[in-house]
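Student: My structure is below; once you've seen it, I'll send some questions.
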Protein chains: 4
Amino acid sequence: MIQRPFAGIHTPIATPFQHDGTVDEVALRRNVARWMQTPLTGLVILGSNGEAPQLDDSEADRVVAVAREGVPRGRAFIVGTGRESTRATIQAGKRAAEAGADAVLVRTPAFFKSQMTADVLDRHYREVADASPVPVLLYNVTMFTGVTLPVESVARLAEHPNIVGMKESGSDIGYIADCVARTPEAFTMLAGSATTFFHALCAGADGGVLALASLFPGELVRMREWVAAGELAPARELQNRLTPIARSIGGTYGVAGLKAALDLAGYVGGAPRPPLRPAPPAVVDIIRTQLAALGAESLLSSTASSRP
Amino acid sequence: MIQRPFAGIHTPIATPFQHDGTVDEVALRRNVARWMQTPLTGLVILGSNGEAPQLDDSEADRVVAVAREGVPRGRAFIVGTGRESTRATIQAGKRAAEAGADAVLVRTPAFFKSQMTADVLDRHYREVADASPVPVLLYNVTMFTGVTLPVESVARLAEHPNIVGMKESGSDIGYIADCVARTPEAFTMLAGSATTFFHALCAGADGGVLALASLFPGELVRMREWVAAGELAPARELQNRLTPIARSIGGTYGVAGLKAALDLAGYVGGAPRPPLRPAPPAVVDIIRTQLAALGAESLLSSTASSRP
Amino acid sequence: MIQRPFAGIHTPIATPFQHDGTVDEVALRRNVARWMQTPLTGLVILGSNGEAPQLDDSEADRVVAVAREGVPRGRAFIVGTGRESTRATIQAGKRAAEAGADAVLVRTPAFFKSQMTADVLDRHYREVADASPVPVLLYNVTMFTGVTLPVESVARLAEHPNIVGMKESGSDIGYIADCVARTPEAFTMLAGSATTFFHALCAGADGGVLALASLFPGELVRMREWVAAGELAPARELQNRLTPIARSIGGTYGVAGLKAALDLAGYVGGAPRPPLRPAPPAVVDIIRTQLAALGAESLLSSTASSRP
Amino acid sequence: MIQRPFAGIHTPIATPFQHDGTVDEVALRRNVARWMQTPLTGLVILGSNGEAPQLDDSEADRVVAVAREGVPRGRAFIVGTGRESTRATIQAGKRAAEAGADAVLVRTPAFFKSQMTADVLDRHYREVADASPVPVLLYNVTMFTGVTLPVESVARLAEHPNIVGMKESGSDIGYIADCVARTPEAFTMLAGSATTFFHALCAGADGGVLALASLFPGELVRMREWVAAGELAPARELQNRLTPIARSIGGTYGVAGLKAALDLAGYVGGAPRPPLRPAPPAVVDIIRTQLAALGAESLLSSTASSRP
C-alpha cells in the first residue's frame, strides 16, 4: 500500500489568549508539549479553530514560531496560510516555510463568493503552489467560506507536483468519495468533520484534521486502523459514541466549545477573541457531561497516557 | 445477526404509458416478469419514479393490481401511499393492503412545508400506522418534498409496532447513521440514493430502494454482501463505476433518464407523463455510453441472466 | 389608464370543515355571503389557503359549486386548478369552467422540482391555456412548490391570448418588478404576500390575492388607491401596521393562523385538515392581540360595515 | 422633514491597480477628482467594491489618505473598517478617523458565521461604536458574509448615540422596510443594491451606497427626488432602464464588471487583484452595449457634465 504524504490524524490547534487579549505563549507551549505525548500524526497551526482570521500577521508568525519549537521533526507541522488575495497567500506561505512549516494548508478565498469560479480557483491555487517552497494542501471549508472547490478543480489541481493533498471540512461523503476517485493514487485526502469521520474513512479518506483529535487522538487513530482492516462494526460504534462531543466542539459551539473542552481535559483553552464569546456555563456543563459519558479511561488512554 | 423486515435490494418500478397517455399494462406486466428473474428482494410500486404524483387514484389502483399478479409471495411487494392529508393517506393504505401490499411506503406530506413540524409529522405517521392493515415504512425524500423528518421523530416513530423501517432518499450519510443509531435493532433502514449507496451501507443501512436496481440488481446485491463482509475495496470500486449512471437515472435526468435507460436495457420505459418530457437524444446518448462503459457482461449478469 | 383583467383585491378563501372532517357547506356559504358585503374585487376558491392539496376532487367540486352560488356576476370568481400532471390540470380547469369560474389560477407543478425547467413549464402552461375555456392566471408560489417560474417564461407565456395575468406569492420585489416590466401592458400582476404588499404595489402590481384580505379588504383597497395616487407615506404606514398580522396568517402559523383569525373576526374558520393542526391557544392569543392592536374600528370599517 | 446624516447618493469607489499589482494612486486621484464634479453626496472608501479584503493595512491606509485629499469637506467621506475581530475593527476605525473619515462603515464579521448570533453582533457593534471617534454605519452584506444582522439587533443598535445609520446591500425589500420601521426617526437607511434601489426608496430608504452611482450619479439623485415627490412612474421607468447595467456591475460580473464599466466611461478601472480576474472581452461587450443602450446623453449628463 502506498504511503501518502500527511496521511494520519492531525489536530488544528487552538490559540490560547491571555486576559488582556494577547496570545498566551506559555499556554501554547504547554499544550503543544502535551500533544506531543499522544499518537497524533501532526499539528495544524493557524487553522479556523486556531482563530487565524482573528490574528494579525505578526501574531500569526509568533504562534507558528512558538509551536514549531515544540514539535519534533518526526511529526507533521502544517500551517494555514489562506488569504483573500493570491499575493497575500503566497507571502503568508513563504513566511510559514521560513518558519519551518512542512506544508501549507490553503483555504479557498471566501469574500467574493460568486466570483470564485472553477477557473479563478484553479489559477489561484496554481500560482500559490508554483510559488510555495513547501507542499500545498488544498482546503475546502464551505461552512465558513460559502465556496466549494469543484471536484473537477480538485482533479486538475491534484496533478500539480506541489499540491499533495486536501482537507475537506464538510460532511458530504459523496464529495469526498468523488475527490478520492478522481485524484492520483498518491494524493492525500483528509477529512475535517469529526461527526462523519468514520464515513469519510470508509469512502477512502487517508486521515483527518480534526478538532476532536485535540482530545481523543488515540480513539481516532484506532478508528482509522479498524476501517483499514475492514472492521466496520467497532469503528461505527466508536463514531456513534464520539458524535455528540464532535458536534459540540468546532460545530454547534464553535471555537468556544473546543476551548471549553480543552479546559476540562487539562489543556489551556480559555476565551476566544471577541466578537467570539466564551462558552456559557450551561454549554460547559453539556460538554462536561459528554466528556464524562466517554469515560475517564478513554481520556486517559488517549491524551494523558504518558504523563508522569 | 438479526433478520430485519424488508432488508435487501428493492427497485421502485417505473410506470410505462401508451402513446395515448394511458397506463401500458402489457408493458408493466412484461417488465415485472423480467425483474422477477433477477435477484431483487422486492419491488416498490407507486414511488416517485413510478410517477405516482401524476396518476389518479383509479390508475394507481390498477398499476398495483397488475404488478401484484406478477410478483410471487417470496418477494417483497411494497406500495407507495403517501398523500397530503392524513385521511387520504390512510385510505390509500387500506386500498393498497386490500390489493395485496406487503407494506406501505409513506412519504412525508409536502405542500405546507413550514408547518411540517416534528409534532405534526409524528401525529400523522402514528395515525397512519394505527390504521394501516400492513406494516408502514417511513419515507423521507427531501429532494421532492422540501421536508425533512427529524431524527428525533424517526427515533420516536420507530417504537411504533406497525412502523418497521424507513427509506431515506438523500445523500446525507450522517443523517442515515443517526437514524440507524437511534432506532431499535429490528428497524430497517433502506437507502434511496444510488450515488451514495456504498456509503449508506457502511453507515449501517440494511439495503436500498434504488432506481438503479431496475438495471443492476446483481451488482447492488453484491455490493451489499461485500460491505457486510468488510471488503470495502471492491465495494467502493463498484460504487465508483456505478456512480455516473446512478447520477443520470432518477437524479440529473429524473424519471425520463430512468425510462431511457430501461429502453436501452430491453425493458419498456417510454415517455414520462407531461409536463415531464422524454429524455432528448443527446441525453439518451450519454446514458447509452454510461451503460456501455459498464460492460455488456455486467448488464447480462444482473438483468438478463435467466433469459434463454 | 388601461383596465387590466382581475386587477384589484381578492382573497383566497379558507375551506371550513365540520367536526367529522367533512366540508362545512353552511359555514362556507355564510363566510362567502359576508365577504360579498365588503369591497373585495373577488374570491379565489381552492387556493393554498383553501387547503386544496388536502381535498379530493369531489370535495373540491362541491366547494366551487357552493361558493359560486354566493358570488354575484360583478365579482371575480377564480378557481385554483393546478395539478402535477398536465392532463389532470386541464381536466380540473374544464370542471371549474363548467362550474362557473371566471378564470383559473394554475400553480406550477411541484413534485419533480429539478425537472421543472423553463421549457417544461412553458409547454405545460401553453397546453393548459390552449385547452382552458376560461382565462388562465399563472401562479408562482415557491414557498410551497420549491419551483420558480423564470421571468423569461413569464414574459413568453404572457403573449398567449388566454394567459391574462399572474399571482406571485413571494416577497422578492425585484422579481415582481421584472415580471411587470417584461409583460404586455394588459397583463395583470397580482401579489400574494401581504407582508410586502405595499412594496409590490410600488413595483407595479395591479392588486393582490391575499389571505389578509379576508379580514382587511377595505384597508387593502385603500392602500392600493394611495399608491396609485403617489401617496406613499400613509400607504407605508398602513403596511407597517398590518405587517404583524400579515405574518401570522398564512405565513408563520399557516392556514391554522388564518382560520384562527377568521374565528376571532366573526367568520367560521375552525380546524384545518390533518396533518395540519389548529392554532394552539398561545398562538390564538398572539393573533387576538395583533387584531386588537389594529383597532375595533378598523375591523368594523373593513369587514362588517354593512352588517345590520 | 428631518435631515438624516449621510442621506443621499454615495458610491463605493473601486481601487485601481498598476500593472505590477500595486495601488495606482495617480488613477485614484483622477477618478476622485472627476466624481467631485458630479452631484454625488459622498464616497465610500474601502468597501467591497474597493477590494478592501484584498488590501493589506498599509495599502488601505494609503488609499484613504489619497482619496481624502480629493474630497472637499462638503461631501461625505466614509471609510470601510470592518474586520473579523472586534479589536482589529476598532483599530481600523481609529486609523480611519485620524485620516479624516466622516464616518466608518462596519460590515459584520463573516468567518465564523454560525457563531454570529444577535448577542455576539450586538456586543461587537457596541464596543466598536463606543470606541469610534466618528459615527458608525452598520453594514449588512449577506451576499459576501453569509451573515444577516437581525432586525431586532438593528433596532437595538440604532439607539446607540454613535450608530447613526446602516447600509443594507441585499434586495430583500421587506427587511429594509422593517429596519426603517423599527429604528428612530433620525436613523439613516442606505440601500446597497442598485437593481432594487427604486423599491428601497419606496420602502423608506434615505439613499444608497451604490456602485452604479460611480457611473450614473445624476440619474440616481433624480430617482430619489422623484420617489420623495410621489412620482413613481418615471422613477420606476428609470429603474427598469438601469437594471441591466446594475446587474452587471457589482452583481453578475462583480468588481471586474464595475472596473470594465469605469474604463468604458472614461474613468480608470483596470484589472482587479487576483484571484479576481478582469472581465473577458465578451463581458466587456455586454457592458458596452448596456451603457450604449442608456444613451450618450445619459452618461454625459451624469458623469461628465463639467469636462472641458
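Ordering of the C-alpha cells sets the chain letters (A, B, ...); residue numbers start at 1 within each chain; ligands are numbered from 1 in the order shown.
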Go through chain C residue by residue and, counting only C-alpha atoms, keep those with an atom at most 7 Å from chain B; for each kept residue give the shortest atom pair and its distance in Å to one decimal, ordered by chain and increasing number, as a Markdown table.
Tutor:
| residue | atom | partner | partner_atom | distance |
| --- | --- | --- | --- | --- |
| C:Pro53 | CA | B:Glu84 | CA | 6.3 |
| C:Gln54 | CA | B:Ser85 | CA | 5.1 |
| C:Glu84 | CA | B:Gln54 | CA | 5.6 |
| C:Ser85 | CA | B:Gln54 | CA | 5.1 |
| C:Thr86 | CA | B:Pro275 | CA | 5.6 |
| C:Phe111 | CA | B:Phe144 | CA | 5.4 |
| C:Phe112 | CA | B:Phe144 | CA | 6.0 |
| C:Lys113 | CA | B:Phe144 | CA | 6.4 |
| C:Gln115 | CA | B:Gly254 | CA | 6.8 |
| C:Val120 | CA | B:Pro275 | CA | 5.9 |
| C:His124 | CA | B:Pro275 | CA | 5.4 |
| C:Phe144 | CA | B:Phe111 | CA | 5.4 |
| C:Thr145 | CA | B:Phe111 | CA | 6.9 |
| C:Gly254 | CA | B:Gln115 | CA | 6.8 |
| C:Arg273 | CA | B:Ser85 | CA | 6.9 |
| C:Pro274 | CA | B:Thr86 | CA | 5.6 |
| C:Pro275 | CA | B:His124 | CA | 5.4 |
| C:Leu276 | CA | B:Val120 | CA | 6.8 |
Student: For C-alpha atoms, I'd like the residues from the last selection saved as a PDB file, in the first residue's frame.
Tutor:
ATOM      1  CA  PRO C  53     -53.985  19.843  -1.743  1.00  0.00           C
ATOM      2  CA  GLN C  54     -55.923  18.227   1.090  1.00  0.00           C
ATOM      3  CA  GLU C  84     -48.989  17.647 -11.007  1.00  0.00           C
ATOM      4  CA  SER C  85     -49.781  16.385 -14.496  1.00  0.00           C
ATOM      5  CA  THR C  86     -50.781  18.489 -17.468  1.00  0.00           C
ATOM      6  CA  PHE C 111     -43.071  17.370  -7.146  1.00  0.00           C
ATOM      7  CA  PHE C 112     -40.291  16.813  -9.685  1.00  0.00           C
ATOM      8  CA  LYS C 113     -38.711  20.163  -8.882  1.00  0.00           C
ATOM      9  CA  GLN C 115     -37.132  18.742 -13.851  1.00  0.00           C
ATOM     10  CA  VAL C 120     -41.151  22.110 -19.365  1.00  0.00           C
ATOM     11  CA  HIS C 124     -47.274  22.836 -19.559  1.00  0.00           C
ATOM     12  CA  PHE C 144     -44.894  25.681  -1.242  1.00  0.00           C
ATOM     13  CA  THR C 145     -43.592  24.297  -4.525  1.00  0.00           C
ATOM     14  CA  GLY C 254     -50.085  28.915   8.079  1.00  0.00           C
ATOM     15  CA  ARG C 273     -57.492  19.172   7.944  1.00  0.00           C
ATOM     16  CA  PRO C 274     -54.819  16.890   9.492  1.00  0.00           C
ATOM     17  CA  PRO C 275     -51.897  16.626   9.397  1.00  0.00           C
ATOM     18  CA  LEU C 276     -52.347  20.390   9.813  1.00  0.00           C
TER      19      LEU C 276
END
Student: Which neighbours of Arg95 in chain D fall inside 12 Å, counting only C-alpha atoms, when residues of the same chain fewer than 2 positions from it are skipped, and could you give them as a list in words?
Tutor: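 Selected residues are Asp57, Ser58, Ala60, Asp61, Arg62, Val64, Ala65, Val79, Gly80, Thr81, Ala88, Thr89, Ile90, Gln91, Ala92, Gly93, Ala97, Glu98, Ala99, Gly100, Ala101, Ala103, Val104, Ala131, Ser132, Pro133 and Val134 of chain D.
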Student: Could you give me, as a VMD selection string, the residues within 9 Å of Leu238 in chain B, counting only C-alpha atoms and dropping anything in the same chain fewer than 2 positions from it?
Tutor: chain B and resid 198 219 to 220 223 233 to 236 240 to 243
Student: Return as a PyMOL selection string the full set of residues in range 177-276 of chain C whose backbone-based DSSP assignment is alpha helix (DSSP H).
Tutor: chain C and resi 177-182+197-202+217-228+232-246+254-264
Student: Please dump the current selection as a CSV table (one decimal), in the first residue's frame; keep N, CA and C atoms.
Tutor:
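The resulting file, result11.csv, is reproduced below:
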chain,number,residue,atom,x,y,z
C,177,ALA,N,-41.1,43.2,-10.1
C,177,ALA,CA,-40.9,44.3,-11.0
C,177,ALA,C,-40.4,43.9,-12.3
C,178,ASP,N,-39.6,42.8,-12.4
C,178,ASP,CA,-39.1,42.3,-13.6
C,178,ASP,C,-40.3,41.7,-14.4
C,179,CYS,N,-41.2,41.0,-13.8
C,179,CYS,CA,-42.4,40.4,-14.5
C,179,CYS,C,-43.2,41.6,-15.0
C,180,VAL,N,-43.4,42.6,-14.3
C,180,VAL,CA,-44.2,43.7,-14.7
C,180,VAL,C,-43.6,44.4,-16.0
C,181,ALA,N,-42.3,44.5,-15.9
C,181,ALA,CA,-41.5,45.2,-16.9
C,181,ALA,C,-41.5,44.4,-18.2
C,182,ARG,N,-41.5,43.1,-18.1
C,182,ARG,CA,-41.3,42.2,-19.2
C,182,ARG,C,-42.6,41.7,-19.9
C,197,PHE,N,-47.0,43.8,0.5
C,197,PHE,CA,-48.0,44.2,-0.5
C,197,PHE,C,-47.7,45.6,-0.9
C,198,PHE,N,-47.5,46.5,0.0
C,198,PHE,CA,-47.2,47.9,-0.4
C,198,PHE,C,-46.0,48.0,-1.4
C,199,HIS,N,-45.0,47.2,-1.1
C,199,HIS,CA,-43.8,47.2,-2.0
C,199,HIS,C,-44.2,46.7,-3.4
C,200,ALA,N,-45.0,45.7,-3.4
C,200,ALA,CA,-45.4,45.1,-4.7
C,200,ALA,C,-46.2,46.1,-5.5
C,201,LEU,N,-47.1,46.9,-4.8
C,201,LEU,CA,-47.8,47.9,-5.5
C,201,LEU,C,-46.9,49.0,-6.0
C,202,CYS,N,-45.9,49.4,-5.3
C,202,CYS,CA,-45.0,50.4,-5.8
C,202,CYS,C,-44.3,49.9,-7.0
C,217,PRO,N,-60.2,43.8,3.9
C,217,PRO,CA,-60.3,44.2,2.5
C,217,PRO,C,-60.3,45.7,2.3
C,218,GLY,N,-61.0,46.4,3.1
C,218,GLY,CA,-61.1,47.9,3.0
C,218,GLY,C,-59.7,48.5,3.1
C,219,GLU,N,-59.0,48.1,4.0
C,219,GLU,CA,-57.6,48.7,4.2
C,219,GLU,C,-56.8,48.4,3.0
C,220,LEU,N,-56.9,47.2,2.4
C,220,LEU,CA,-56.0,46.9,1.3
C,220,LEU,C,-56.4,47.6,0.0
C,221,VAL,N,-57.8,47.8,-0.1
C,221,VAL,CA,-58.2,48.6,-1.2
C,221,VAL,C,-57.7,50.0,-1.1
C,222,ARG,N,-57.7,50.5,0.1
C,222,ARG,CA,-57.3,51.9,0.3
C,222,ARG,C,-55.8,52.0,0.1
C,223,MET,N,-55.0,51.0,0.5
C,223,MET,CA,-53.6,51.0,0.3
C,223,MET,C,-53.3,51.1,-1.2
C,224,ARG,N,-54.0,50.3,-2.0
C,224,ARG,CA,-53.8,50.3,-3.4
C,224,ARG,C,-54.1,51.7,-4.0
C,225,GLU,N,-55.2,52.3,-3.5
C,225,GLU,CA,-55.5,53.7,-4.1
C,225,GLU,C,-54.5,54.7,-3.7
C,226,TRP,N,-54.0,54.6,-2.5
C,226,TRP,CA,-52.9,55.6,-2.1
C,226,TRP,C,-51.7,55.5,-3.0
C,227,VAL,N,-51.3,54.2,-3.2
C,227,VAL,CA,-50.0,54.1,-4.0
C,227,VAL,C,-50.3,54.6,-5.4
C,228,ALA,N,-51.5,54.3,-5.9
C,228,ALA,CA,-51.8,54.7,-7.3
C,228,ALA,C,-51.8,56.3,-7.4
C,232,LEU,N,-47.3,57.9,-0.8
C,232,LEU,CA,-46.6,56.7,-0.2
C,232,LEU,C,-46.6,56.7,1.3
C,233,ALA,N,-46.6,57.9,1.9
C,233,ALA,CA,-46.4,57.9,3.4
C,233,ALA,C,-47.6,57.1,4.1
C,234,PRO,N,-48.8,57.5,3.9
C,234,PRO,CA,-49.9,56.8,4.6
C,234,PRO,C,-50.0,55.3,4.2
C,235,ALA,N,-49.7,55.0,2.9
C,235,ALA,CA,-49.7,53.6,2.5
C,235,ALA,C,-48.6,52.8,3.2
C,236,ARG,N,-47.5,53.4,3.3
C,236,ARG,CA,-46.3,52.7,4.0
C,236,ARG,C,-46.7,52.5,5.5
C,237,GLU,N,-47.3,53.5,6.1
C,237,GLU,CA,-47.6,53.4,7.5
C,237,GLU,C,-48.7,52.3,7.7
C,238,LEU,N,-49.6,52.2,6.8
C,238,LEU,CA,-50.7,51.2,6.9
C,238,LEU,C,-50.0,49.8,6.8
C,239,GLN,N,-49.1,49.7,5.8
C,239,GLN,CA,-48.4,48.4,5.6
C,239,GLN,C,-47.7,48.0,7.0
C,240,ASN,N,-47.0,49.0,7.6
C,240,ASN,CA,-46.3,48.7,8.8
C,240,ASN,C,-47.3,48.2,9.9
C,241,ARG,N,-48.5,48.8,9.9
C,241,ARG,CA,-49.4,48.4,11.0
C,241,ARG,C,-50.0,47.0,10.7
C,242,LEU,N,-50.1,46.7,9.4
C,242,LEU,CA,-50.7,45.4,9.0
C,242,LEU,C,-49.6,44.2,9.0
C,243,THR,N,-48.4,44.6,8.9
C,243,THR,CA,-47.4,43.5,8.8
C,243,THR,C,-47.4,42.4,9.8
C,244,PRO,N,-47.5,42.8,11.1
C,244,PRO,CA,-47.5,41.7,12.1
C,244,PRO,C,-48.6,40.7,11.9
C,245,ILE,N,-49.8,41.1,11.7
C,245,ILE,CA,-50.9,40.1,11.5
C,245,ILE,C,-50.7,39.4,10.1
C,246,ALA,N,-50.2,40.1,9.2
C,246,ALA,CA,-49.9,39.5,7.8
C,246,ALA,C,-48.9,38.4,8.0
C,254,GLY,N,-49.5,29.6,9.2
C,254,GLY,CA,-50.1,28.9,8.1
C,254,GLY,C,-51.6,29.0,8.0
C,255,VAL,N,-52.2,28.1,7.5
C,255,VAL,CA,-53.7,28.0,7.3
C,255,VAL,C,-54.3,28.1,8.7
C,256,ALA,N,-53.7,27.5,9.7
C,256,ALA,CA,-54.3,27.5,11.1
C,256,ALA,C,-54.4,28.9,11.6
C,257,GLY,N,-53.3,29.7,11.3
C,257,GLY,CA,-53.4,31.1,11.7
C,257,GLY,C,-54.5,31.9,11.1
C,258,LEU,N,-54.7,31.7,9.8
C,258,LEU,CA,-55.8,32.3,9.1
C,258,LEU,C,-57.1,31.9,9.7
C,259,LYS,N,-57.3,30.6,9.9
C,259,LYS,CA,-58.6,30.1,10.4
C,259,LYS,C,-58.8,30.7,11.8
C,260,ALA,N,-57.8,30.8,12.6
C,260,ALA,CA,-58.0,31.3,14.0
C,260,ALA,C,-58.4,32.8,13.9
C,261,ALA,N,-57.8,33.5,13.0
C,261,ALA,CA,-58.1,34.9,12.8
C,261,ALA,C,-59.6,35.1,12.3
C,262,LEU,N,-60.0,34.2,11.4
C,262,LEU,CA,-61.3,34.2,10.9
C,262,LEU,C,-62.3,34.0,12.0
C,263,ASP,N,-62.0,33.0,12.9
C,263,ASP,CA,-62.9,32.8,14.0
C,263,ASP,C,-63.0,34.0,14.9
C,264,LEU,N,-61.9,34.7,15.2
C,264,LEU,CA,-61.9,35.9,16.0
C,264,LEU,C,-62.6,37.0,15.4
Student: Please provide the set of residues having any atom within 10 Å of Val32 in chain A, restricted to only C-alpha atoms, with same-chain residues fewer than 5 positions apart removed, written as a list of chain:residue names.
Tutor: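 Contacts, with the query itself left out: A:Ile13, A:Ala27, A:Gln37, A:Leu43, A:Val66, A:Ala67, A:Arg68, A:Glu69, A:Gly70, A:Val71, A:Ser214, A:Tyr267.
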Student: Which polymer residues have any atom within 12 Å of an atom of Glu185 in chain D, counting only C-alpha atoms, with same-chain residues fewer than 3 positions away left out, as a list in words?
Tutor: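 Near Glu185 in chain D, the qualifying residues are Met1, Ile2, Gln3, Arg4, Pro5, Ala155, Ala158, Glu159, Val164, Gly165, Cys179, Val180, Ala181, Arg182, Thr188, Met189, Gly204, Ala205 and Asp206 of chain D.
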Student: Using DSSP on the backbone, list every residue of range 52-199 of chain C that comes out as strand (DSSP E), and give them as a ChimeraX atom specification.
Tutor: /C:76-80,103-107,136-140,163-168,188-191
Student: I need the residues from that last selection saved to file as a short mmCIF file (atom, residue, chain, number, x, y, z; two decimals), in the first residue's frame (with N, CA, C and O atoms), if you can.
Tutor:
data_model
loop_
_atom_site.label_atom_id
_atom_site.label_comp_id
_atom_site.auth_asym_id
_atom_site.auth_seq_id
_atom_site.Cartn_x
_atom_site.Cartn_y
_atom_site.Cartn_z
N ALA C 76 -65.21 38.92 -9.19
CA ALA C 76 -64.40 37.89 -9.83
C ALA C 76 -64.49 36.59 -9.05
O ALA C 76 -64.41 36.58 -7.81
N PHE C 77 -64.63 35.49 -9.77
CA PHE C 77 -64.72 34.16 -9.16
C PHE C 77 -63.64 33.30 -9.81
O PHE C 77 -63.78 32.85 -10.95
N ILE C 78 -62.56 33.11 -9.09
CA ILE C 78 -61.36 32.46 -9.64
C ILE C 78 -61.15 31.13 -8.92
O ILE C 78 -61.29 31.06 -7.69
N VAL C 79 -60.80 30.08 -9.66
CA VAL C 79 -60.63 28.76 -9.05
C VAL C 79 -59.21 28.22 -9.28
O VAL C 79 -58.70 28.27 -10.41
N GLY C 80 -58.62 27.74 -8.21
CA GLY C 80 -57.30 27.11 -8.31
C GLY C 80 -57.42 25.71 -8.90
O GLY C 80 -58.21 24.90 -8.40
N ALA C 103 -62.02 32.60 -14.12
CA ALA C 103 -60.64 32.35 -14.52
C ALA C 103 -60.13 31.19 -13.67
O ALA C 103 -60.69 30.87 -12.62
N VAL C 104 -59.05 30.55 -14.14
CA VAL C 104 -58.39 29.53 -13.31
C VAL C 104 -56.99 30.02 -12.93
O VAL C 104 -56.33 30.72 -13.70
N LEU C 105 -56.61 29.69 -11.70
CA LEU C 105 -55.30 30.07 -11.16
C LEU C 105 -54.50 28.78 -11.09
O LEU C 105 -54.87 27.86 -10.36
N VAL C 106 -53.41 28.70 -11.86
CA VAL C 106 -52.73 27.43 -12.07
C VAL C 106 -51.31 27.47 -11.50
O VAL C 106 -50.39 28.03 -12.11
N ARG C 107 -51.14 26.85 -10.36
CA ARG C 107 -49.80 26.82 -9.76
C ARG C 107 -48.89 25.92 -10.59
O ARG C 107 -49.36 25.00 -11.27
N VAL C 136 -56.54 32.07 -18.07
CA VAL C 136 -55.61 31.45 -17.12
C VAL C 136 -54.78 32.51 -16.44
O VAL C 136 -54.27 33.44 -17.09
N LEU C 137 -54.63 32.37 -15.13
CA LEU C 137 -53.67 33.16 -14.36
C LEU C 137 -52.54 32.22 -13.93
O LEU C 137 -52.78 31.19 -13.31
N LEU C 138 -51.29 32.57 -14.26
CA LEU C 138 -50.14 31.81 -13.78
C LEU C 138 -50.06 31.97 -12.25
O LEU C 138 -50.49 32.99 -11.71
N TYR C 139 -49.48 31.00 -11.60
CA TYR C 139 -49.38 31.08 -10.14
C TYR C 139 -48.03 30.53 -9.70
O TYR C 139 -47.78 29.33 -9.79
N ASN C 140 -47.19 31.44 -9.25
CA ASN C 140 -45.87 31.05 -8.75
C ASN C 140 -45.87 31.14 -7.23
O ASN C 140 -46.11 32.22 -6.68
N ILE C 163 -53.69 33.63 -21.50
CA ILE C 163 -52.99 33.82 -20.21
C ILE C 163 -53.01 35.31 -19.93
O ILE C 163 -52.33 36.09 -20.59
N VAL C 164 -53.81 35.72 -18.95
CA VAL C 164 -54.10 37.15 -18.78
C VAL C 164 -53.40 37.78 -17.58
O VAL C 164 -53.44 39.00 -17.42
N GLY C 165 -52.79 36.96 -16.75
CA GLY C 165 -52.15 37.55 -15.58
C GLY C 165 -51.44 36.51 -14.76
O GLY C 165 -51.28 35.35 -15.18
N MET C 166 -51.03 36.91 -13.57
CA MET C 166 -50.17 36.07 -12.74
C MET C 166 -50.35 36.45 -11.29
O MET C 166 -50.52 37.62 -10.95
N LYS C 167 -50.30 35.44 -10.43
CA LYS C 167 -50.17 35.68 -9.00
C LYS C 167 -48.78 35.23 -8.57
O LYS C 167 -48.40 34.09 -8.83
N GLU C 168 -48.05 36.14 -7.94
CA GLU C 168 -46.73 35.80 -7.42
C GLU C 168 -46.81 35.89 -5.91
O GLU C 168 -47.07 36.95 -5.35
N THR C 188 -51.95 41.30 -16.11
CA THR C 188 -52.22 41.67 -14.72
C THR C 188 -51.26 40.98 -13.77
O THR C 188 -51.10 39.76 -13.83
N MET C 189 -50.64 41.75 -12.89
CA MET C 189 -49.76 41.16 -11.89
C MET C 189 -50.41 41.31 -10.51
O MET C 189 -50.68 42.43 -10.07
N LEU C 190 -50.64 40.17 -9.88
CA LEU C 190 -51.24 40.17 -8.55
C LEU C 190 -50.24 39.64 -7.53
O LEU C 190 -49.58 38.62 -7.77
N ALA C 191 -50.12 40.33 -6.41
CA ALA C 191 -49.18 39.92 -5.37
C ALA C 191 -49.88 39.00 -4.37
O ALA C 191 -51.07 39.13 -4.12
#
Student: Between CA of Phe187 in chain C and CA of Asp130 in chain C, what is the spacing in Å?
Tutor: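 One can read the CA of Asp130 in chain C to CA of Phe187 in chain C distance as 17.3 Å.
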Student: Hey, can you check how far CA of Ile173 in chain C sits from CA of Ile9 in chain D?
Tutor: 21.5 Å
Student: May I ask for the distance between CA of Asn162 in chain C and CA of Leu212 in chain C, given in Å to one decimal place?
Tutor: 28.4 Å
Student: Given only C-alpha atoms as the basis, pick out the residue of C:Ala7, C:Val141, C:Ala279, C:Val63 nearest to Ile45 in chain C.
Tutor: C:Val63
Student: Neighbours of Thr41 in chain D within 6 Å (only C-alpha atoms; same-chain residues fewer than 4 positions away dropped), as a list in words?
Tutor: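 Counting only C-alpha atoms, the residues come to Gly8, Ile9, His10 and Arg75 of chain D.
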Student: Mind dumping the selected residues with C-alpha atoms as a compact mmCIF listing (two decimals), in the first residue's frame?
Tutor:
# COMPACT_ATOMS: atom_id res chain seq x y z
CA GLY D 8 -28.17 60.81 -0.28
CA ILE D 9 -26.32 59.06 -3.07
CA HIS D 10 -22.85 57.70 -2.35
CA ARG D 75 -19.03 65.84 0.68
